[in-house]
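What follows is the content of upload-v8.cif, which has mmCIF, C-alpha atoms and all ligand atoms:
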data_run
loop_
_atom_site.label_atom_id
_atom_site.label_comp_id
_atom_site.auth_asym_id
_atom_site.auth_seq_id
_atom_site.Cartn_x
_atom_site.Cartn_y
_atom_site.Cartn_z
CA MET A 1103 143.85 106.88 88.10
CA ASP A 1104 140.42 107.67 89.47
CA GLU A 1105 141.60 108.43 93.01
CA PRO A 1106 141.17 112.11 93.87
CA LEU A 1107 144.48 113.98 93.80
CA THR A 1108 145.79 114.69 97.28
CA LEU A 1109 148.79 116.70 98.47
CA LEU A 1110 150.13 116.03 101.97
CA SER A 1111 152.62 118.42 103.62
CA ILE A 1112 154.62 117.51 106.73
CA HIS A 1113 155.86 120.31 108.98
CA ALA A 1114 157.70 120.38 112.30
CA HIS A 1115 156.06 123.29 114.17
CA PRO A 1116 153.03 125.53 113.89
CA ASP A 1117 154.22 128.38 111.57
CA ASP A 1118 156.44 126.18 109.37
CA GLU A 1119 153.39 125.53 107.17
CA ALA A 1120 153.17 129.32 106.71
CA SER A 1121 156.84 130.05 106.04
CA LYS A 1122 157.42 127.14 103.65
CA GLY A 1123 155.12 126.09 100.83
CA ALA A 1124 151.96 127.99 101.81
CA PRO A 1125 151.44 129.74 98.44
CA THR A 1126 152.01 126.43 96.64
CA VAL A 1127 149.46 124.60 98.77
CA ALA A 1128 147.02 127.51 98.36
CA ARG A 1129 147.39 127.23 94.59
CA TYR A 1130 146.61 123.51 94.57
CA ALA A 1131 143.78 123.90 97.08
CA ALA A 1132 142.24 126.56 94.82
CA GLU A 1133 142.46 124.07 91.94
CA GLY A 1134 140.36 121.65 93.99
CA ILE A 1135 143.17 119.28 94.92
CA SER A 1136 142.69 117.85 98.39
CA SER A 1137 145.32 119.28 100.71
CA VAL A 1138 146.34 117.87 104.06
CA LEU A 1139 148.73 119.18 106.71
CA VAL A 1140 150.58 117.09 109.29
CA THR A 1141 152.12 119.18 112.08
CA CYS A 1142 154.45 117.10 114.21
CA THR A 1143 154.79 119.20 117.39
CA GLY A 1144 152.91 121.83 119.35
CA GLY A 1145 155.73 124.37 119.13
CA GLU A 1146 155.83 124.65 122.93
CA GLU A 1147 159.44 125.85 122.90
CA GLY A 1148 158.98 128.69 120.44
CA ASP A 1149 160.13 132.13 121.53
CA ILE A 1150 157.57 134.90 121.60
CA LEU A 1151 158.92 137.22 118.94
CA ASN A 1152 156.13 139.78 119.09
CA ASP A 1153 156.82 142.15 121.99
CA GLU A 1154 153.16 143.15 122.18
CA LEU A 1155 152.22 139.57 123.06
CA ASP A 1156 155.07 138.71 125.39
CA HIS A 1157 152.95 138.32 128.52
CA PRO A 1158 153.19 135.62 131.22
CA HIS A 1159 149.65 134.34 130.55
CA ILE A 1160 150.49 133.80 126.88
CA ARG A 1161 153.81 132.15 127.68
CA GLU A 1162 152.08 129.79 130.14
CA ASN A 1163 149.50 128.80 127.56
CA LEU A 1164 151.76 128.90 124.54
CA ALA A 1165 150.76 125.46 123.25
CA GLU A 1166 147.09 126.47 123.24
CA VAL A 1167 147.79 129.89 121.71
CA ARG A 1168 149.92 128.37 118.98
CA ARG A 1169 147.22 125.81 118.24
CA GLN A 1170 144.74 128.65 117.63
CA GLU A 1171 147.26 130.42 115.43
CA LEU A 1172 147.76 127.21 113.48
CA ASP A 1173 144.03 126.75 112.94
CA GLU A 1174 143.83 130.26 111.54
CA ALA A 1175 146.78 129.69 109.19
CA VAL A 1176 145.26 126.41 108.00
CA ARG A 1177 142.05 128.28 107.16
CA ILE A 1178 143.94 131.02 105.31
CA ILE A 1179 146.03 128.60 103.24
CA GLY A 1180 142.98 126.47 102.44
CA TYR A 1181 144.08 123.11 103.80
CA ASP A 1182 141.19 120.64 103.88
CA ARG A 1183 142.45 118.86 106.97
CA LEU A 1184 145.02 119.17 109.74
CA HIS A 1185 146.51 116.23 111.63
CA LEU A 1186 148.58 116.76 114.74
CA LEU A 1187 151.18 114.06 115.16
CA GLY A 1188 150.97 114.82 118.87
CA TYR A 1189 154.55 115.31 120.01
CA ARG A 1190 156.17 117.96 122.14
CA ASP A 1191 158.60 120.46 120.64
CA SER A 1192 162.15 119.10 121.05
CA GLY A 1193 163.76 122.50 121.67
CA MET A 1194 167.34 123.16 120.71
CA PRO A 1195 170.21 120.75 121.57
CA ASP A 1196 171.28 120.81 125.24
CA SER A 1197 168.05 122.46 126.43
CA ASP A 1198 165.84 120.82 129.08
CA ALA A 1199 163.10 120.35 126.49
CA ASN A 1200 165.54 118.45 124.33
CA GLY A 1201 166.02 115.83 127.02
CA ARG A 1202 162.32 115.06 127.52
CA ALA A 1203 161.12 111.59 126.58
CA ASP A 1204 157.82 112.93 125.18
CA ASN A 1205 159.41 115.16 122.58
CA PHE A 1206 159.35 114.51 118.86
CA ALA A 1207 163.08 113.83 118.51
CA ASN A 1208 163.20 111.29 121.35
CA ALA A 1209 160.03 109.34 120.60
CA PRO A 1210 160.68 105.87 119.16
CA LEU A 1211 160.96 105.88 115.36
CA ASP A 1212 158.52 102.99 115.06
CA GLU A 1213 155.83 104.93 116.90
CA VAL A 1214 156.40 108.21 115.08
CA ALA A 1215 156.66 106.65 111.62
CA GLY A 1216 153.66 104.45 112.44
CA ARG A 1217 151.47 107.43 113.26
CA LEU A 1218 152.48 109.15 110.05
CA ALA A 1219 152.00 105.95 108.04
CA ALA A 1220 148.43 105.62 109.37
CA ILE A 1221 147.68 109.20 108.32
CA ILE A 1222 149.17 108.52 104.86
CA ARG A 1223 146.93 105.47 104.46
CA ALA A 1224 143.87 107.39 105.60
CA GLU A 1225 144.53 110.37 103.33
CA ARG A 1226 145.99 108.52 100.31
CA PRO A 1227 148.22 111.32 98.98
CA GLN A 1228 149.97 110.87 95.64
CA VAL A 1229 152.40 113.66 96.54
CA ILE A 1230 154.17 114.45 99.82
CA ILE A 1231 156.12 117.60 100.64
CA THR A 1232 158.66 117.16 103.42
CA TYR A 1233 162.10 118.45 104.49
CA SER A 1234 165.55 117.49 103.25
CA ALA A 1235 168.39 116.19 105.41
CA GLU A 1236 170.17 119.47 104.71
CA GLN A 1237 168.98 121.95 107.32
CA LYS A 1238 172.16 123.97 107.50
CA ARG A 1239 170.73 127.37 108.22
CA TYR A 1240 168.32 126.13 110.87
CA PRO A 1241 169.28 122.66 112.16
CA HIS A 1242 166.41 122.38 114.64
CA PRO A 1243 166.09 118.79 115.92
CA ASP A 1244 162.40 118.72 114.94
CA HIS A 1245 163.18 119.78 111.38
CA LEU A 1246 165.83 117.06 111.06
CA ARG A 1247 163.36 114.56 112.51
CA VAL A 1248 160.77 115.38 109.83
CA TYR A 1249 163.28 114.17 107.26
CA ASP A 1250 164.14 111.07 109.30
CA ILE A 1251 160.55 109.82 109.63
CA THR A 1252 159.23 110.52 106.14
CA ASP A 1253 160.70 107.64 104.15
CA PRO A 1254 160.09 105.05 106.91
CA ALA A 1255 156.45 106.18 107.09
CA ILE A 1256 156.01 106.01 103.31
CA GLU A 1257 157.53 102.51 103.30
CA ARG A 1258 155.26 101.32 106.11
CA ALA A 1259 152.18 102.80 104.43
CA ALA A 1260 152.96 100.89 101.23
CA ASP A 1261 153.89 97.59 102.89
CA PRO A 1262 150.99 95.11 102.78
CA ASN A 1263 152.55 93.32 105.73
CA TRP A 1264 152.61 96.41 107.95
CA GLN A 1265 149.58 96.90 110.14
CA PRO A 1266 149.12 99.88 112.43
CA ASP A 1267 149.37 99.07 116.11
CA PRO A 1268 146.33 100.60 117.86
CA ALA A 1269 148.65 101.84 120.61
CA VAL A 1270 150.26 104.26 118.18
CA LEU A 1271 146.95 105.53 116.80
CA ASN A 1272 145.90 107.77 119.65
CA ILE A 1273 145.90 110.78 117.35
CA ASP A 1274 142.90 112.22 115.57
CA GLU A 1275 141.00 109.27 116.93
CA HIS A 1276 137.67 110.38 115.56
CA PHE A 1277 139.03 110.65 112.09
CA LEU A 1278 141.36 107.68 111.94
CA ALA A 1279 139.14 105.27 113.85
CA GLY A 1280 136.46 105.49 111.18
CA HIS A 1281 138.91 104.92 108.38
CA GLU A 1282 139.11 101.33 107.35
CA GLU A 1283 141.74 102.49 104.82
CA ILE A 1284 144.44 102.56 107.47
CA THR A 1285 144.63 98.79 107.18
CA HIS A 1286 145.10 99.01 103.37
CA PRO A 1287 148.49 99.71 101.84
CA TRP A 1288 148.93 103.02 100.01
CA GLN A 1289 151.80 103.89 97.73
CA VAL A 1290 152.89 107.53 97.60
CA GLN A 1291 154.07 108.39 94.07
CA LYS A 1292 156.24 111.49 94.49
CA THR A 1293 158.14 113.02 97.42
CA TYR A 1294 159.48 116.58 97.41
CA TRP A 1295 161.78 118.49 99.70
CA SER A 1296 160.72 122.01 100.40
CA ASN A 1297 163.37 124.70 99.70
CA GLY A 1298 161.92 127.66 101.59
CA PHE A 1299 164.67 130.23 101.34
CA THR A 1300 166.50 129.63 98.12
CA ARG A 1301 169.44 131.72 97.02
CA GLY A 1302 167.27 133.16 94.26
CA ARG A 1303 164.61 134.28 96.70
CA ILE A 1304 167.13 135.77 99.11
CA LEU A 1305 168.88 137.71 96.33
CA THR A 1306 165.55 139.06 95.08
CA MET A 1307 164.56 140.32 98.52
CA HIS A 1308 168.06 141.63 99.26
CA ALA A 1309 168.10 143.62 96.01
CA TRP A 1310 164.79 145.27 96.89
CA PHE A 1311 166.07 146.43 100.29
CA GLU A 1312 169.19 147.85 98.64
CA GLU A 1313 167.10 149.69 96.05
CA GLN A 1314 165.15 151.34 98.86
CA GLY A 1315 168.40 152.42 100.49
CA GLU A 1316 167.40 150.32 103.51
CA GLU A 1317 169.62 148.03 105.48
CA SER A 1318 169.05 144.53 104.14
CA PRO A 1319 168.33 141.80 106.71
CA PHE A 1320 169.90 139.41 104.20
CA ALA A 1321 173.31 141.08 103.95
CA ASP A 1322 175.06 138.35 105.99
CA TRP A 1323 173.28 135.56 104.18
CA VAL A 1324 174.14 136.97 100.78
CA GLU A 1325 177.83 137.00 101.68
CA LYS A 1326 177.86 133.41 102.92
CA ILE A 1327 175.50 131.65 100.57
CA PRO A 1328 177.39 129.55 98.00
CA ASP A 1329 176.83 130.27 94.29
CA ASP A 1330 175.57 126.73 93.75
CA ALA A 1331 173.17 126.73 96.74
CA ASP A 1332 170.16 126.25 94.45
CA ALA A 1333 171.71 123.41 92.44
CA GLY A 1334 169.35 120.76 93.85
CA ILE A 1335 166.15 122.48 92.74
CA THR A 1336 164.18 120.37 90.24
CA THR A 1337 160.77 121.99 90.41
CA ARG A 1338 159.40 125.52 90.50
CA ILE A 1339 155.73 126.18 91.17
CA ASN A 1340 154.33 129.47 89.95
CA ILE A 1341 152.71 131.21 92.89
CA ALA A 1342 152.20 134.70 91.44
CA ASP A 1343 148.48 134.52 92.32
CA THR A 1344 148.89 133.18 95.87
CA VAL A 1345 152.09 134.83 97.10
CA GLY A 1346 150.09 136.91 99.60
CA VAL A 1347 148.61 133.81 101.20
CA GLY A 1348 151.94 132.87 102.72
CA ARG A 1349 152.31 136.28 104.26
CA ASP A 1350 148.77 136.29 105.65
CA ALA A 1351 149.27 132.80 107.07
CA LEU A 1352 152.51 133.88 108.70
CA ALA A 1353 150.83 136.94 110.20
CA ALA A 1354 148.29 134.57 111.79
CA HIS A 1355 151.13 133.22 113.95
CA ARG A 1356 150.96 136.40 115.96
CA THR A 1357 153.25 135.30 118.79
CA GLN A 1358 155.95 134.15 116.37
CA VAL A 1359 156.40 137.15 114.11
CA SER A 1360 156.98 140.80 114.74
CA PRO A 1361 154.31 142.75 112.81
CA GLY A 1362 156.86 145.26 111.48
CA GLY A 1363 159.42 142.57 110.68
CA TRP A 1364 161.23 142.14 107.39
CA TRP A 1365 158.95 139.25 106.42
CA PHE A 1366 156.28 141.78 105.57
CA LYS A 1367 158.32 144.53 103.95
CA VAL A 1368 159.03 143.53 100.36
CA PRO A 1369 155.85 144.40 98.41
CA LEU A 1370 153.87 141.41 97.22
CA GLU A 1371 153.89 142.63 93.62
CA VAL A 1372 157.70 142.70 93.71
CA MET A 1373 157.80 139.03 94.67
CA ALA A 1374 154.98 138.15 92.27
CA THR A 1375 156.85 139.67 89.32
CA ARG A 1376 160.53 139.12 90.12
CA HIS A 1377 160.41 135.77 91.89
CA PRO A 1378 156.97 134.26 91.29
CA TRP A 1379 157.69 130.71 92.39
CA GLU A 1380 158.43 128.35 95.23
CA SER A 1381 161.16 125.81 94.70
CA PHE A 1382 161.26 122.10 95.49
CA THR A 1383 163.54 119.13 95.03
CA LEU A 1384 162.00 115.96 93.65
CA ALA A 1385 163.48 113.47 96.10
CA SER A 1386 161.79 110.34 94.78
CA SER A 1387 159.24 109.51 92.12
CA LEU A 1388 157.61 106.40 90.71
CA VAL A 1389 156.35 108.36 87.68
CA GLY A 1390 159.45 110.34 86.74
CA LYS A 1391 159.39 114.09 86.33
CA GLY A 1392 156.52 116.05 84.81
CA ASP A 1393 156.69 118.67 82.05
CA VAL A 1394 159.52 121.17 82.37
CA ASP A 1395 159.82 124.88 81.51
CA ASP A 1396 162.45 126.53 79.30
CA GLU A 1397 164.98 126.40 82.11
CA GLY A 1398 164.44 122.71 82.76
CA PHE A 1399 162.36 123.03 85.92
CA GLU A 1400 159.35 120.82 86.45
CA THR A 1401 156.29 123.07 86.78
CA ASP A 1402 153.71 120.84 88.53
CA LEU A 1403 154.01 118.71 91.66
CA PHE A 1404 151.42 116.41 90.08
CA GLY A 1405 153.31 116.22 86.76
CA GLY A 1406 153.15 112.64 85.50
CA LEU A 1407 150.05 111.96 87.60
CA ARG A 1408 147.42 113.78 85.56
ZN ZN B 1501 160.02 124.90 112.77
#

Can the structure in the file be given as structure tokens, please?
Amino acid sequence: MDEPLTLLSIHAHPDDEASKGAPTVARYAAEGISSVLVTCTGGEEGDILNDELDHPHIRENLAEVRRQELDEAVRIIGYDRLHLLGYRDSGMPDSDANGRADNFANAPLDEVAGRLAAIIRAERPQVIITYSAEQKRYPHPDHLRVYDITDPAIERAADPNWQPDPAVLNIDEHFLAGHEEITHPWQVQKTYWSNGFTRGRILTMHAWFEEQGEESPFADWVEKIPDDADAGITTRINIADTVGVGRDALAAHRTQVSPGGWWFKVPLEVMATRHPWESFTLASSLVGKGDVDDEGFETDLFGGLR
């Protein structure tokens, strides 16, 4: 394989790229692997969770503000390129936003998957990180939709008989228009589901709060989370060197996080020593699984490809 290695991550809203997978992407970007982010919506329905920024002029321009926050997070993580899929945030079920025809969840599958397929052909990733169908703790319609569109987009990208309809390509025009590749099929080799908050990670953070004699924000979670919650994990990426990147990227989403919030409390060195990895599920692979560690976890998203 003489194609450059490329990792493409698909996320629903601005800030999801920071809360899920950022240290992993930062690690691969630092290795020189081309890294690409697709963000499906503008996050227009996000609540302002930082009291200091909860002003009418920010709320009225939230899409623009969140776009700036996203650009900053992209820079911090080290993504080479960002593509906006161009849809509106679908809001939560039964909200007004959820009924809009221009939102991500209501847009026709052919259009949405077609846009993503064109980006896949242009970027030629061997590996894609997306979401699983299981979004129990946070079943946001946009998160579920990310799962729904990924396989159809990968199939279209690989199908020599599929050609992008120019009507669906009104995204990143300057970039995609110059790419003859979008007419050439491209086969993605491995697809992973991101497992942001695993049981192992929650227990590690919970234990630290208890040691400090502080009230743990995870107490409820720890009670409810099943013992086998992490059973689907196939792959653990060591992020000891980049664990702080995720936190910095999250802090860049200033309207979406409270500066004194629990996200930022557990010291980085605690995470880097006690839980120095992000976890993924290998959902499909044309090259099998790469090398595994002593516990049977694959240790490289590009295992089997280099
Ligand atoms: Zn989200």

Throw together the list of residues within 8 Å of ligand ZN 1501 (chain B), counting all atoms listed in the file, and drop it here as an MDAnalysis selection string.
chainID A and resid 1113:1118 1145 1242 1244:1245

Across A:Arg1161, A:Gly1180, A:Leu1352, A:Arg1258, the smallest distance to Glu1213 in chain A, with only C-alpha atoms counted, is shown by A:Arg1258

Which of these residues is nearest to Gly1216 in chain A, using only C-alpha atoms: A:Asn1152, A:Ser1111, A:Gln1291, A:Thr1285?
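Looking at the shortest contact to Gly1216 in chain A, the residue is A:Thr1285.
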
Just the residues within 12 Å of Ser1387 in chain A, please, counting all atoms listed in the file, with nothing from its chain fewer than 6 positions along; format it as JSON, numbers by chain.
{"A": [1228, 1229, 1230, 1289, 1290, 1291, 1292, 1293, 1294, 1403, 1404, 1405, 1406, 1407]}

Using only C-alpha atoms for the distances, tell me which of A:Pro1369, A:Pro1243, A:Val1214, A:Ala1342 is nearest to Asn1200 in chain A.
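Closest candidate: A:Pro1243.
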
Pro1254 in chain A surroundings by all atoms listed in the file, 9 Å radius, close-in-sequence under 6 positions cut, as a list in words
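Counting all atoms listed in the file, the residues come to Leu1211, Asp1212, Ala1215, Gly1216 and Ala1219 of chain A.
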
Pick from A:Leu1172, A:Arg1338, A:Val1372, A:Pro1241: nearest to Leu1184 in chain A, with only C-alpha atoms counted?
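Closest candidate: A:Leu1172.
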
Take CA of Thr1232 in chain A and CA of Ala1351 in chain A and report the distance between them in Å, one decimal.
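Computing it gives 18.6 Å between the two atoms.
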
Any idea what's packed within 9 Å of Thr1344 in chain A, counting all atoms listed in the file, ignoring anything in its chain fewer than 4 positions away? Could you give it as a ChimeraX atom specification?
/A:1124-1126,1128-1129,1340,1348,1374

For range 1120-1193 of chain A versus range 1297-1315 of chain A, which residues have an atom no more than 9 Å away, and what is each residue's nearest atom pair and distance in Å rounded to one decimal, using only C-alpha atoms, chain-then-number order, as JSON lines?
{"residue": "A:Ser1121", "atom": "CA", "partner": "A:Gly1298", "partner_atom": "CA", "distance": 7.2}
{"residue": "A:Lys1122", "atom": "CA", "partner": "A:Gly1298", "partner_atom": "CA", "distance": 5.0}
{"residue": "A:Gly1123", "atom": "CA", "partner": "A:Gly1298", "partner_atom": "CA", "distance": 7.0}

Would you mind exporting the chosen residues as an mmCIF file, in the frame of the given file, restricted to C-alpha atoms?
data_model
loop_
_atom_site.group_PDB
_atom_site.id
_atom_site.type_symbol
_atom_site.label_atom_id
_atom_site.label_comp_id
_atom_site.auth_asym_id
_atom_site.auth_seq_id
_atom_site.Cartn_x
_atom_site.Cartn_y
_atom_site.Cartn_z
ATOM 1 C CA SER A 1121 156.840 130.050 106.040
ATOM 2 C CA LYS A 1122 157.420 127.140 103.650
ATOM 3 C CA GLY A 1123 155.120 126.090 100.830
#

Please report the interatomic distance between CA of Val1127 in chain A and CA of Ala1354 in chain A in Å with one decimal.
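Value for the CA of Val1127 in chain A-CA of Ala1354 in chain A distance: 16.4 Å.
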
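Here the question is which of A:Glu1119, A:Asp1173, A:Asp1267, A:Asp1322 gets nearest to Arg1349 in chain A using all atoms listed in the file, and that residue is A:Glu1119.
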
Using all atoms listed in the file, list the residues that have an atom at most 10 Å from (150.0, 128.0, 122.1), coordinates as in the file, as a PyMOL selection string.
chain A and resi 1116+1144-1148+1160-1172+1355+1357

Since the input has fewer atoms than a full residue there, write range 1299-1318 of chain A out with N, CA and C atoms, as a compact mmCIF listing (two decimals), in the coordinates of the input.
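What follows is the written file rebuild-v8.txt:
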# COMPACT_ATOMS: atom_id res chain seq x y z
N PHE A 1299 163.87 129.07 101.71
CA PHE A 1299 164.67 130.23 101.34
C PHE A 1299 165.79 129.85 100.40
N THR A 1300 165.48 129.92 99.13
CA THR A 1300 166.50 129.63 98.12
C THR A 1300 167.40 130.85 97.96
N ARG A 1301 168.53 130.62 97.33
CA ARG A 1301 169.44 131.72 97.02
C ARG A 1301 168.73 132.75 96.14
N GLY A 1302 167.97 132.25 95.16
CA GLY A 1302 167.27 133.16 94.26
C GLY A 1302 166.29 134.06 94.99
N ARG A 1303 165.59 133.49 95.95
CA ARG A 1303 164.61 134.28 96.70
C ARG A 1303 165.31 135.30 97.60
N ILE A 1304 166.38 134.87 98.24
CA ILE A 1304 167.13 135.77 99.11
C ILE A 1304 167.70 136.93 98.31
N LEU A 1305 168.29 136.64 97.15
CA LEU A 1305 168.88 137.71 96.33
C LEU A 1305 167.82 138.69 95.86
N THR A 1306 166.64 138.18 95.52
CA THR A 1306 165.55 139.06 95.08
C THR A 1306 165.14 140.01 96.20
N MET A 1307 164.99 139.48 97.40
CA MET A 1307 164.56 140.32 98.52
C MET A 1307 165.68 141.30 98.91
N HIS A 1308 166.90 140.80 98.92
CA HIS A 1308 168.06 141.63 99.26
C HIS A 1308 168.16 142.82 98.30
N ALA A 1309 167.99 142.56 97.02
CA ALA A 1309 168.10 143.62 96.01
C ALA A 1309 167.05 144.70 96.25
N TRP A 1310 165.86 144.28 96.65
CA TRP A 1310 164.79 145.27 96.89
C TRP A 1310 165.17 146.18 98.06
N PHE A 1311 165.66 145.60 99.15
CA PHE A 1311 166.07 146.43 100.29
C PHE A 1311 167.16 147.42 99.87
N GLU A 1312 168.11 146.95 99.08
CA GLU A 1312 169.19 147.85 98.64
C GLU A 1312 168.64 148.99 97.78
N GLU A 1313 167.69 148.67 96.90
CA GLU A 1313 167.10 149.69 96.05
C GLU A 1313 166.41 150.79 96.87
N GLN A 1314 165.84 150.37 98.02
CA GLN A 1314 165.15 151.34 98.86
C GLN A 1314 166.14 152.15 99.71
N GLY A 1315 167.41 151.77 99.63
CA GLY A 1315 168.40 152.42 100.49
C GLY A 1315 168.25 151.99 101.94
N GLU A 1316 167.59 150.83 102.14
CA GLU A 1316 167.40 150.32 103.51
C GLU A 1316 168.43 149.26 103.82
N GLU A 1317 168.71 149.10 105.10
CA GLU A 1317 169.62 148.03 105.48
C GLU A 1317 168.95 146.68 105.21
N SER A 1318 169.64 145.82 104.50
CA SER A 1318 169.05 144.53 104.14
C SER A 1318 169.27 143.52 105.25
